[in-house]
Every structure is written in structure tokens, then in C-alpha cells.
file query-v4.txt (compact mmCIF, N, CA and C atoms)
# COMPACT_ATOMS: atom_id res chain seq x y z
N MET A 1 -1.18 1.12 -20.50
CA MET A 1 -2.20 0.84 -19.51
C MET A 1 -3.37 1.79 -19.74
N ASP A 2 -4.54 1.30 -19.59
CA ASP A 2 -5.77 2.03 -19.89
C ASP A 2 -6.12 3.02 -18.76
N PHE A 3 -5.88 4.29 -19.02
CA PHE A 3 -6.14 5.33 -18.02
C PHE A 3 -7.63 5.40 -17.68
N ALA A 4 -8.48 5.30 -18.68
CA ALA A 4 -9.93 5.40 -18.44
C ALA A 4 -10.41 4.26 -17.55
N ARG A 5 -9.84 3.09 -17.73
CA ARG A 5 -10.27 1.93 -16.95
C ARG A 5 -9.66 1.91 -15.55
N PHE A 6 -8.37 2.19 -15.45
CA PHE A 6 -7.67 2.03 -14.18
C PHE A 6 -7.38 3.34 -13.45
N GLY A 7 -7.61 4.47 -14.08
CA GLY A 7 -7.33 5.75 -13.45
C GLY A 7 -7.99 5.93 -12.08
N PRO A 8 -9.30 5.68 -11.95
CA PRO A 8 -9.95 5.84 -10.64
C PRO A 8 -9.36 4.92 -9.56
N LEU A 9 -9.00 3.71 -9.94
CA LEU A 9 -8.42 2.76 -9.00
C LEU A 9 -7.06 3.26 -8.50
N VAL A 10 -6.23 3.71 -9.43
CA VAL A 10 -4.91 4.20 -9.06
C VAL A 10 -5.03 5.48 -8.24
N ARG A 11 -5.94 6.36 -8.61
CA ARG A 11 -6.16 7.59 -7.84
C ARG A 11 -6.55 7.25 -6.40
N ARG A 12 -7.41 6.28 -6.23
CA ARG A 12 -7.83 5.88 -4.87
C ARG A 12 -6.64 5.38 -4.08
N ARG A 13 -5.78 4.59 -4.72
CA ARG A 13 -4.60 4.07 -4.02
C ARG A 13 -3.65 5.19 -3.65
N ILE A 14 -3.43 6.11 -4.54
CA ILE A 14 -2.54 7.23 -4.25
C ILE A 14 -3.09 8.06 -3.10
N ARG A 15 -4.38 8.27 -3.07
CA ARG A 15 -4.99 9.03 -1.98
C ARG A 15 -4.87 8.32 -0.64
N ASN A 16 -4.68 7.00 -0.64
CA ASN A 16 -4.43 6.29 0.61
C ASN A 16 -3.12 6.74 1.25
N PHE A 17 -2.18 7.15 0.42
CA PHE A 17 -0.86 7.51 0.92
C PHE A 17 -0.61 9.02 0.97
N TYR A 18 -1.27 9.75 0.12
CA TYR A 18 -1.02 11.18 0.01
C TYR A 18 -2.28 11.98 0.30
N ALA A 19 -2.12 13.04 1.07
CA ALA A 19 -3.24 13.91 1.37
C ALA A 19 -3.57 14.78 0.16
N PHE A 20 -4.72 15.41 0.20
CA PHE A 20 -5.16 16.24 -0.92
C PHE A 20 -4.17 17.36 -1.22
N ASP A 21 -3.54 17.91 -0.19
CA ASP A 21 -2.62 19.04 -0.42
C ASP A 21 -1.24 18.60 -0.91
N GLU A 22 -1.03 17.31 -1.10
CA GLU A 22 0.26 16.83 -1.58
C GLU A 22 0.28 16.59 -3.08
N ARG A 23 -0.72 17.03 -3.79
CA ARG A 23 -0.81 16.95 -5.24
C ARG A 23 -0.78 15.52 -5.79
N PRO A 24 -1.70 14.68 -5.34
CA PRO A 24 -1.69 13.29 -5.83
C PRO A 24 -2.00 13.16 -7.31
N ASP A 25 -2.65 14.17 -7.92
CA ASP A 25 -2.96 14.06 -9.35
C ASP A 25 -1.69 14.05 -10.19
N GLU A 26 -0.65 14.74 -9.74
CA GLU A 26 0.62 14.70 -10.46
C GLU A 26 1.21 13.29 -10.40
N LEU A 27 1.07 12.65 -9.26
CA LEU A 27 1.56 11.28 -9.13
C LEU A 27 0.76 10.31 -10.00
N LEU A 28 -0.53 10.57 -10.11
CA LEU A 28 -1.38 9.74 -10.95
C LEU A 28 -0.90 9.78 -12.40
N LEU A 29 -0.65 10.95 -12.90
CA LEU A 29 -0.18 11.08 -14.29
C LEU A 29 1.20 10.46 -14.46
N GLU A 30 2.05 10.66 -13.46
CA GLU A 30 3.40 10.08 -13.53
C GLU A 30 3.33 8.55 -13.52
N PHE A 31 2.44 7.99 -12.73
CA PHE A 31 2.28 6.54 -12.67
C PHE A 31 1.97 5.99 -14.06
N PHE A 32 1.03 6.62 -14.76
CA PHE A 32 0.65 6.11 -16.08
C PHE A 32 1.73 6.35 -17.12
N LYS A 33 2.53 7.39 -16.95
CA LYS A 33 3.64 7.62 -17.88
C LYS A 33 4.73 6.56 -17.71
N ARG A 34 5.01 6.20 -16.47
CA ARG A 34 6.14 5.31 -16.17
C ARG A 34 5.79 3.83 -16.19
N THR A 35 4.52 3.49 -16.12
CA THR A 35 4.14 2.09 -16.08
C THR A 35 4.01 1.56 -17.50
N PRO A 36 4.75 0.52 -17.81
CA PRO A 36 4.69 -0.03 -19.17
C PRO A 36 3.31 -0.62 -19.47
N PRO A 37 2.89 -0.58 -20.72
CA PRO A 37 1.59 -1.15 -21.09
C PRO A 37 1.53 -2.64 -20.76
N GLN A 38 0.36 -3.07 -20.31
CA GLN A 38 0.16 -4.48 -19.98
C GLN A 38 -1.15 -4.94 -20.61
N ASP A 39 -1.05 -5.93 -21.46
CA ASP A 39 -2.25 -6.45 -22.13
C ASP A 39 -3.16 -7.18 -21.15
N SER A 40 -2.58 -7.83 -20.18
CA SER A 40 -3.38 -8.65 -19.26
C SER A 40 -3.56 -8.00 -17.89
N ALA A 41 -3.56 -6.68 -17.85
CA ALA A 41 -3.71 -5.98 -16.57
C ALA A 41 -5.09 -6.25 -15.97
N THR A 42 -5.07 -6.50 -14.66
CA THR A 42 -6.31 -6.68 -13.91
C THR A 42 -6.35 -5.64 -12.80
N CYS A 43 -7.50 -5.50 -12.19
CA CYS A 43 -7.60 -4.56 -11.07
C CYS A 43 -6.61 -4.92 -9.96
N ASP A 44 -6.48 -6.21 -9.67
CA ASP A 44 -5.54 -6.64 -8.64
C ASP A 44 -4.10 -6.30 -9.00
N SER A 45 -3.71 -6.56 -10.23
CA SER A 45 -2.32 -6.30 -10.62
C SER A 45 -2.03 -4.80 -10.63
N VAL A 46 -3.00 -4.00 -11.05
CA VAL A 46 -2.80 -2.55 -11.05
C VAL A 46 -2.77 -2.02 -9.62
N TRP A 47 -3.61 -2.58 -8.74
CA TRP A 47 -3.59 -2.18 -7.32
C TRP A 47 -2.21 -2.43 -6.72
N ALA A 48 -1.64 -3.61 -7.01
CA ALA A 48 -0.31 -3.94 -6.50
C ALA A 48 0.75 -3.01 -7.09
N LEU A 49 0.67 -2.74 -8.39
CA LEU A 49 1.63 -1.81 -9.01
C LEU A 49 1.52 -0.41 -8.40
N ALA A 50 0.31 0.05 -8.17
CA ALA A 50 0.11 1.38 -7.60
C ALA A 50 0.62 1.43 -6.16
N THR A 51 0.43 0.34 -5.42
CA THR A 51 0.94 0.27 -4.04
C THR A 51 2.46 0.37 -4.04
N ARG A 52 3.10 -0.40 -4.89
CA ARG A 52 4.58 -0.38 -4.97
C ARG A 52 5.07 0.99 -5.43
N TYR A 53 4.37 1.59 -6.35
CA TYR A 53 4.74 2.92 -6.84
C TYR A 53 4.69 3.94 -5.70
N CYS A 54 3.63 3.92 -4.92
CA CYS A 54 3.48 4.86 -3.80
C CYS A 54 4.56 4.63 -2.76
N MET A 55 4.81 3.36 -2.43
CA MET A 55 5.83 3.05 -1.44
C MET A 55 7.20 3.53 -1.90
N LYS A 56 7.50 3.33 -3.17
CA LYS A 56 8.80 3.77 -3.71
C LYS A 56 8.93 5.28 -3.61
N ASN A 57 7.88 6.00 -3.99
CA ASN A 57 7.92 7.46 -3.90
C ASN A 57 8.08 7.94 -2.47
N LEU A 58 7.41 7.30 -1.54
CA LEU A 58 7.53 7.69 -0.14
C LEU A 58 8.93 7.42 0.39
N ARG A 59 9.49 6.28 0.03
CA ARG A 59 10.85 5.95 0.49
C ARG A 59 11.87 6.95 -0.06
N GLU A 60 11.68 7.38 -1.29
CA GLU A 60 12.63 8.31 -1.90
C GLU A 60 12.46 9.73 -1.38
N GLY A 61 11.29 10.04 -0.85
CA GLY A 61 11.02 11.37 -0.33
C GLY A 61 11.49 11.54 1.09
N ARG A 62 11.26 12.71 1.61
CA ARG A 62 11.69 13.02 2.97
C ARG A 62 10.58 12.84 3.99
N ARG A 63 9.46 12.37 3.55
CA ARG A 63 8.32 12.25 4.44
C ARG A 63 8.56 11.18 5.50
N SER A 64 8.27 11.50 6.74
CA SER A 64 8.51 10.55 7.82
C SER A 64 7.30 9.68 8.11
N ALA A 65 6.11 10.14 7.78
CA ALA A 65 4.90 9.38 8.09
C ALA A 65 4.42 8.62 6.86
N LEU A 66 4.10 7.36 7.05
CA LEU A 66 3.53 6.56 5.96
C LEU A 66 2.08 6.96 5.76
N LEU A 67 1.31 6.89 6.82
CA LEU A 67 -0.10 7.27 6.80
C LEU A 67 -0.34 8.09 8.06
N VAL A 68 -0.83 9.28 7.92
CA VAL A 68 -1.09 10.10 9.09
C VAL A 68 -2.32 9.57 9.81
N ALA A 69 -3.30 9.18 9.07
CA ALA A 69 -4.54 8.60 9.61
C ALA A 69 -5.08 7.63 8.58
N PRO A 70 -5.95 6.72 9.00
CA PRO A 70 -6.54 5.80 8.02
C PRO A 70 -7.29 6.58 6.94
N PRO A 71 -7.16 6.17 5.70
CA PRO A 71 -7.86 6.86 4.62
C PRO A 71 -9.37 6.84 4.85
N PRO A 72 -10.05 7.95 4.59
CA PRO A 72 -11.50 8.00 4.79
C PRO A 72 -12.22 6.92 3.98
N GLY A 73 -13.12 6.21 4.65
CA GLY A 73 -13.89 5.17 3.99
C GLY A 73 -13.17 3.85 3.84
N SER A 74 -11.91 3.80 4.27
CA SER A 74 -11.14 2.56 4.12
C SER A 74 -11.53 1.56 5.20
N TRP A 75 -11.09 0.33 4.99
CA TRP A 75 -11.31 -0.70 5.99
C TRP A 75 -10.69 -0.27 7.31
N ALA A 76 -9.50 0.31 7.25
CA ALA A 76 -8.80 0.70 8.48
C ALA A 76 -9.60 1.72 9.28
N GLU A 77 -10.23 2.66 8.60
CA GLU A 77 -11.04 3.65 9.30
C GLU A 77 -12.28 3.00 9.91
N GLN A 78 -12.94 2.17 9.14
CA GLN A 78 -14.16 1.51 9.62
C GLN A 78 -13.89 0.61 10.81
N ALA A 79 -12.75 -0.05 10.83
CA ALA A 79 -12.41 -0.97 11.91
C ALA A 79 -11.66 -0.28 13.05
N ASN A 80 -11.47 1.04 12.94
CA ASN A 80 -10.70 1.79 13.93
C ASN A 80 -9.30 1.19 14.10
N ALA A 81 -8.70 0.83 12.99
CA ALA A 81 -7.40 0.17 13.01
C ALA A 81 -6.30 1.05 13.55
N SER A 82 -6.45 2.37 13.46
CA SER A 82 -5.38 3.25 13.92
C SER A 82 -5.13 3.13 15.41
N SER A 83 -6.06 2.53 16.14
CA SER A 83 -5.86 2.35 17.57
C SER A 83 -5.17 1.03 17.91
N THR A 84 -4.95 0.17 16.91
CA THR A 84 -4.31 -1.12 17.17
C THR A 84 -2.79 -0.98 17.16
N PRO A 85 -2.10 -1.79 17.97
CA PRO A 85 -0.63 -1.71 18.01
C PRO A 85 0.04 -1.97 16.66
N GLY A 86 -0.50 -2.92 15.88
CA GLY A 86 0.11 -3.23 14.58
C GLY A 86 0.08 -2.06 13.63
N TYR A 87 -1.04 -1.37 13.56
CA TYR A 87 -1.18 -0.22 12.68
C TYR A 87 -0.27 0.93 13.16
N GLN A 88 -0.27 1.17 14.45
CA GLN A 88 0.57 2.24 15.00
C GLN A 88 2.04 1.96 14.75
N GLN A 89 2.44 0.72 14.95
CA GLN A 89 3.84 0.34 14.70
C GLN A 89 4.18 0.49 13.23
N LEU A 90 3.26 0.13 12.36
CA LEU A 90 3.49 0.26 10.92
C LEU A 90 3.72 1.72 10.53
N THR A 91 2.92 2.62 11.05
CA THR A 91 3.06 4.03 10.68
C THR A 91 4.32 4.66 11.27
N ARG A 92 4.85 4.07 12.35
CA ARG A 92 6.07 4.62 12.96
C ARG A 92 7.34 4.04 12.35
N SER A 93 7.33 2.74 12.07
CA SER A 93 8.59 2.07 11.70
C SER A 93 8.64 1.62 10.25
N TRP A 94 7.83 2.20 9.39
CA TRP A 94 7.74 1.72 8.01
C TRP A 94 9.05 1.84 7.25
N ARG A 95 9.87 2.82 7.56
CA ARG A 95 11.15 2.97 6.85
C ARG A 95 12.14 1.87 7.20
N ASP A 96 11.94 1.20 8.34
CA ASP A 96 12.84 0.14 8.76
C ASP A 96 12.47 -1.22 8.15
N LEU A 97 11.34 -1.30 7.49
CA LEU A 97 10.88 -2.56 6.91
C LEU A 97 11.38 -2.73 5.48
N THR A 98 11.53 -3.97 5.07
CA THR A 98 11.86 -4.23 3.67
C THR A 98 10.65 -3.85 2.82
N PRO A 99 10.86 -3.52 1.56
CA PRO A 99 9.72 -3.19 0.70
C PRO A 99 8.67 -4.30 0.65
N GLN A 100 9.11 -5.56 0.64
CA GLN A 100 8.16 -6.67 0.57
C GLN A 100 7.33 -6.76 1.86
N MET A 101 7.98 -6.62 3.01
CA MET A 101 7.25 -6.67 4.27
C MET A 101 6.32 -5.48 4.42
N LEU A 102 6.76 -4.33 3.99
CA LEU A 102 5.90 -3.15 4.05
C LEU A 102 4.66 -3.35 3.18
N GLU A 103 4.86 -3.86 2.00
CA GLU A 103 3.72 -4.12 1.11
C GLU A 103 2.74 -5.10 1.75
N LEU A 104 3.27 -6.18 2.31
CA LEU A 104 2.43 -7.17 2.96
C LEU A 104 1.63 -6.55 4.11
N LEU A 105 2.28 -5.73 4.93
CA LEU A 105 1.60 -5.12 6.07
C LEU A 105 0.58 -4.06 5.65
N ILE A 106 0.85 -3.38 4.57
CA ILE A 106 -0.14 -2.41 4.07
C ILE A 106 -1.40 -3.15 3.65
N TYR A 107 -1.23 -4.25 2.94
CA TYR A 107 -2.41 -5.03 2.54
C TYR A 107 -3.17 -5.54 3.76
N ALA A 108 -2.45 -5.97 4.78
CA ALA A 108 -3.10 -6.54 5.97
C ALA A 108 -3.67 -5.46 6.88
N GLU A 109 -2.88 -4.45 7.22
CA GLU A 109 -3.27 -3.46 8.22
C GLU A 109 -4.13 -2.33 7.67
N VAL A 110 -3.88 -1.94 6.44
CA VAL A 110 -4.60 -0.80 5.86
C VAL A 110 -5.77 -1.27 4.99
N ASP A 111 -5.51 -2.25 4.13
CA ASP A 111 -6.55 -2.71 3.22
C ASP A 111 -7.45 -3.78 3.83
N GLY A 112 -6.99 -4.40 4.92
CA GLY A 112 -7.80 -5.41 5.58
C GLY A 112 -7.92 -6.71 4.81
N MET A 113 -6.93 -7.03 4.00
CA MET A 113 -6.97 -8.25 3.21
C MET A 113 -6.64 -9.46 4.08
N SER A 114 -7.18 -10.60 3.72
CA SER A 114 -6.86 -11.85 4.41
C SER A 114 -5.51 -12.35 3.91
N ALA A 115 -4.95 -13.31 4.64
CA ALA A 115 -3.67 -13.90 4.24
C ALA A 115 -3.78 -14.54 2.85
N GLY A 116 -4.90 -15.17 2.56
CA GLY A 116 -5.10 -15.78 1.25
C GLY A 116 -5.13 -14.74 0.13
N GLN A 117 -5.81 -13.64 0.37
CA GLN A 117 -5.87 -12.57 -0.64
C GLN A 117 -4.49 -11.97 -0.87
N ILE A 118 -3.76 -11.76 0.22
CA ILE A 118 -2.41 -11.19 0.10
C ILE A 118 -1.51 -12.15 -0.67
N ALA A 119 -1.57 -13.43 -0.32
CA ALA A 119 -0.73 -14.43 -0.98
C ALA A 119 -0.98 -14.44 -2.48
N GLU A 120 -2.23 -14.39 -2.87
CA GLU A 120 -2.57 -14.38 -4.29
C GLU A 120 -2.05 -13.12 -4.98
N LEU A 121 -2.15 -12.00 -4.30
CA LEU A 121 -1.73 -10.73 -4.89
C LEU A 121 -0.22 -10.63 -5.06
N ILE A 122 0.54 -11.14 -4.09
CA ILE A 122 2.00 -11.01 -4.17
C ILE A 122 2.70 -12.28 -4.64
N ASN A 123 1.91 -13.29 -5.04
CA ASN A 123 2.45 -14.55 -5.57
C ASN A 123 3.38 -15.26 -4.59
N GLU A 124 2.94 -15.37 -3.38
CA GLU A 124 3.66 -16.12 -2.35
C GLU A 124 2.69 -17.15 -1.76
N PRO A 125 3.21 -18.23 -1.17
CA PRO A 125 2.32 -19.19 -0.53
C PRO A 125 1.59 -18.57 0.66
N ARG A 126 0.36 -18.99 0.86
CA ARG A 126 -0.44 -18.47 1.97
C ARG A 126 0.26 -18.72 3.30
N SER A 127 0.87 -19.89 3.44
CA SER A 127 1.56 -20.23 4.70
C SER A 127 2.70 -19.25 4.99
N TRP A 128 3.40 -18.81 3.95
CA TRP A 128 4.47 -17.84 4.13
C TRP A 128 3.90 -16.52 4.62
N VAL A 129 2.81 -16.07 4.02
CA VAL A 129 2.17 -14.82 4.44
C VAL A 129 1.74 -14.91 5.90
N VAL A 130 1.10 -16.01 6.27
CA VAL A 130 0.66 -16.21 7.66
C VAL A 130 1.85 -16.16 8.60
N ASP A 131 2.95 -16.84 8.24
CA ASP A 131 4.15 -16.83 9.08
C ASP A 131 4.69 -15.41 9.25
N GLN A 132 4.72 -14.65 8.17
CA GLN A 132 5.23 -13.28 8.24
C GLN A 132 4.34 -12.41 9.14
N LEU A 133 3.05 -12.55 8.99
CA LEU A 133 2.12 -11.76 9.81
C LEU A 133 2.21 -12.13 11.28
N HIS A 134 2.37 -13.42 11.56
CA HIS A 134 2.52 -13.86 12.95
C HIS A 134 3.83 -13.36 13.55
N ALA A 135 4.90 -13.43 12.79
CA ALA A 135 6.19 -12.94 13.27
C ALA A 135 6.13 -11.44 13.56
N ARG A 136 5.46 -10.72 12.70
CA ARG A 136 5.32 -9.28 12.91
C ARG A 136 4.47 -8.98 14.15
N ALA A 137 3.42 -9.75 14.34
CA ALA A 137 2.56 -9.55 15.51
C ALA A 137 3.35 -9.80 16.80
N LYS A 138 4.23 -10.78 16.80
CA LYS A 138 5.08 -11.06 17.98
C LYS A 138 6.02 -9.90 18.24
N GLN A 139 6.58 -9.32 17.20
CA GLN A 139 7.48 -8.17 17.35
C GLN A 139 6.75 -6.98 17.96
N VAL A 140 5.54 -6.75 17.51
CA VAL A 140 4.76 -5.60 17.98
C VAL A 140 4.41 -5.79 19.45
N ARG A 141 4.06 -7.02 19.85
CA ARG A 141 3.70 -7.27 21.25
C ARG A 141 4.90 -7.20 22.18
N ALA A 142 6.09 -7.47 21.65
CA ALA A 142 7.30 -7.51 22.50
C ALA A 142 7.74 -6.14 22.95
call {"tool": "encode", "arguments": {"input": "query-v4.txt", "output": "C-alpha cells"}}
result
Amino acid sequence: MDFARFGPLVRRRIRNFYAFDERPDELLLEFFKRTPPQDSATCDSVWALATRYCMKNLREGRRSALLVAPPPGSWAEQANASSTPGYQQLTRSWRDLTPQMLELLIYAEVDGMSAGQIAELINEPRSWVVDQLHARAKQVRA
């Protein structure tokens, strides 16, 4: 994988999950060491790989918080998403979610992606993504 091309993108994704004092640069280098070369890599595919990499590292670690606060400059910060029930529930109960559901919710709640964008990124039908998001919204309201 091309570090010069995708390094800044992966660094940005890692910083979404890790604070500056958590040494995200070490994770950046580890990501590129462990990720097999891909001839057809795109920004979207690398973003998804970096998201899964971060989630895996967080699950394996002892950290209890997924995101302490919305990343600076992110959609979540601009939209004040941290005050919404869905975002708050995500940051509290992320360890109880399946990896696929957590990934879907990160794209929706943190990245602000539409159901269509998420469906394209994770290779699922848009209707399935909408159903999952609606089911999650009902759980949060209950």
C-alpha cells in the first residue's frame, strides 16, 4: 500500500480514535506494515480498512471509551453530535456491539455518512443499512 498516497488519510482516521498522547504514529506505521499491498486501493477502501484496524485495536485494548469527544473538525463536532442520544449511546456501549454494527454506526454517527454511502462502503444493500440504523434508533429511544 502506498504510504505517500494514503498515509495522511490513515493518520486522520487513527486520530479520530486516538488522542495525541496515545501515540497514533506508532499505529500508523503498524497499519502499513500489517496491511497487504492492494493494487486497486481507493481512498474509500483504505478508509474502511483503517476504521476496522482502529476498532480491532480498541477492542483488544483495555480502553473503555471509543471516542471521548468528537474529533476536531469532524462532521460530529460541527453538528454537535456528542449531544445526541445515538452518539452518546455509541460511546458508552460500543463494546457490546458486533464489529459490523459498530463500523456502521461509526460511519453514521461520527463520519456523518448517508445510508447510501455506508452501503457502498461496506458492500451491503442500502435497505439493509437503513433497517439497521432504524433498529438502532429505536433501541436508543427505548
call {"tool": "atom_distance", "arguments": {"input": "query-v4.txt", "atom1": "CA of Trp94 (chain A)", "atom2": "atom C of Val10 (chain A)"}}
result
21.0 Å
call {"tool": "closest_residue", "arguments": {"input": "query-v4.txt", "among": "A:Leu9, A:Met55, A:Leu133, A:Ala65", "to": "Leu104 (chain A)", "atoms": "only C-alpha atoms"}}
result
A:Leu133
call {"tool": "axis_aligned_box", "arguments": {"input": "query-v4.txt", "around": "region 115-131 of chain A", "padding_each_side": "3 Å", "output": "AutoDock Vina command-line options"}}
result
--center_x -0.6 --center_y -15.4 --center_z 1.8 --size_x 16.6 --size_y 15.6 --size_z 20.8
call {"tool": "residues_around", "arguments": {"input": "query-v4.txt", "residues": "Asp111 (chain A)", "least_positions_apart": "6", "cutoff": "8 Å", "atoms": "all atoms listed in the file", "output": "PDB file with N, CA and C atoms, keeping the file's coordinate frame"}}
result
ATOM      1  N   SER A  74     -11.910   3.800   4.270  1.00  0.00           N
ATOM      2  CA  SER A  74     -11.140   2.560   4.120  1.00  0.00           C
ATOM      3  C   SER A  74     -11.530   1.560   5.200  1.00  0.00           C
ATOM      4  N   TRP A  75     -11.090   0.330   4.990  1.00  0.00           N
ATOM      5  CA  TRP A  75     -11.310  -0.700   5.990  1.00  0.00           C
ATOM      6  C   TRP A  75     -10.690  -0.270   7.310  1.00  0.00           C
ATOM      7  N   ALA A  76      -9.500   0.310   7.250  1.00  0.00           N
ATOM      8  CA  ALA A  76      -8.800   0.700   8.480  1.00  0.00           C
ATOM      9  C   ALA A  76      -9.600   1.720   9.280  1.00  0.00           C
ATOM     10  N   LEU A 105       2.280  -5.730   4.930  1.00  0.00           N
ATOM     11  CA  LEU A 105       1.600  -5.120   6.070  1.00  0.00           C
ATOM     12  C   LEU A 105       0.580  -4.060   5.650  1.00  0.00           C
TER      13      LEU A 105
END
call {"tool": "atom_distance", "arguments": {"input": "query-v4.txt", "atom1": "atom C of Gln139 (chain A)", "atom2": "atom N of Arg15 (chain A)"}}
result
28.3 Å
call {"tool": "build_atoms", "arguments": {"input": "query-v4.txt", "residues": "region 78-86 of chain A", "atoms": "all heavy atoms", "output": "compact mmCIF listing (two decimals), keeping the file's coordinate frame"}}
result
# COMPACT_ATOMS: atom_id res chain seq x y z
N GLN A 78 -12.94 2.17 9.14
CA GLN A 78 -14.16 1.51 9.62
C GLN A 78 -13.89 0.61 10.81
O GLN A 78 -14.71 0.49 11.71
CB GLN A 78 -14.81 0.71 8.48
CG GLN A 78 -15.32 1.58 7.36
CD GLN A 78 -15.77 0.75 6.17
OE1 GLN A 78 -16.16 -0.40 6.32
NE2 GLN A 78 -15.70 1.33 4.99
N ALA A 79 -12.75 -0.05 10.83
CA ALA A 79 -12.41 -0.97 11.91
C ALA A 79 -11.66 -0.28 13.05
O ALA A 79 -11.22 -0.95 13.98
CB ALA A 79 -11.58 -2.12 11.36
N ASN A 80 -11.47 1.04 12.94
CA ASN A 80 -10.70 1.79 13.93
C ASN A 80 -9.30 1.19 14.10
O ASN A 80 -8.79 1.05 15.21
CB ASN A 80 -11.44 1.85 15.28
CG ASN A 80 -10.86 2.91 16.19
OD1 ASN A 80 -10.23 3.87 15.73
ND2 ASN A 80 -11.05 2.74 17.48
N ALA A 81 -8.70 0.83 12.99
CA ALA A 81 -7.40 0.17 13.01
C ALA A 81 -6.30 1.05 13.55
O ALA A 81 -5.31 0.55 14.09
CB ALA A 81 -7.03 -0.30 11.59
N SER A 82 -6.45 2.37 13.46
CA SER A 82 -5.38 3.25 13.92
C SER A 82 -5.13 3.13 15.41
O SER A 82 -4.09 3.55 15.90
CB SER A 82 -5.68 4.71 13.55
OG SER A 82 -6.89 5.12 14.15
N SER A 83 -6.06 2.53 16.14
CA SER A 83 -5.86 2.35 17.57
C SER A 83 -5.17 1.03 17.91
O SER A 83 -4.82 0.77 19.05
CB SER A 83 -7.20 2.42 18.31
OG SER A 83 -8.03 1.36 17.91
N THR A 84 -4.95 0.17 16.91
CA THR A 84 -4.31 -1.12 17.17
C THR A 84 -2.79 -0.98 17.16
O THR A 84 -2.23 -0.16 16.43
CB THR A 84 -4.71 -2.18 16.12
OG1 THR A 84 -4.23 -1.77 14.85
CG2 THR A 84 -6.22 -2.37 16.09
N PRO A 85 -2.10 -1.79 17.97
CA PRO A 85 -0.63 -1.71 18.01
C PRO A 85 0.04 -1.97 16.66
O PRO A 85 1.02 -1.33 16.32
CB PRO A 85 -0.24 -2.79 19.03
CG PRO A 85 -1.46 -3.00 19.86
CD PRO A 85 -2.63 -2.72 18.95
N GLY A 86 -0.50 -2.92 15.88
CA GLY A 86 0.11 -3.23 14.58
C GLY A 86 0.08 -2.06 13.63
O GLY A 86 1.07 -1.76 12.96
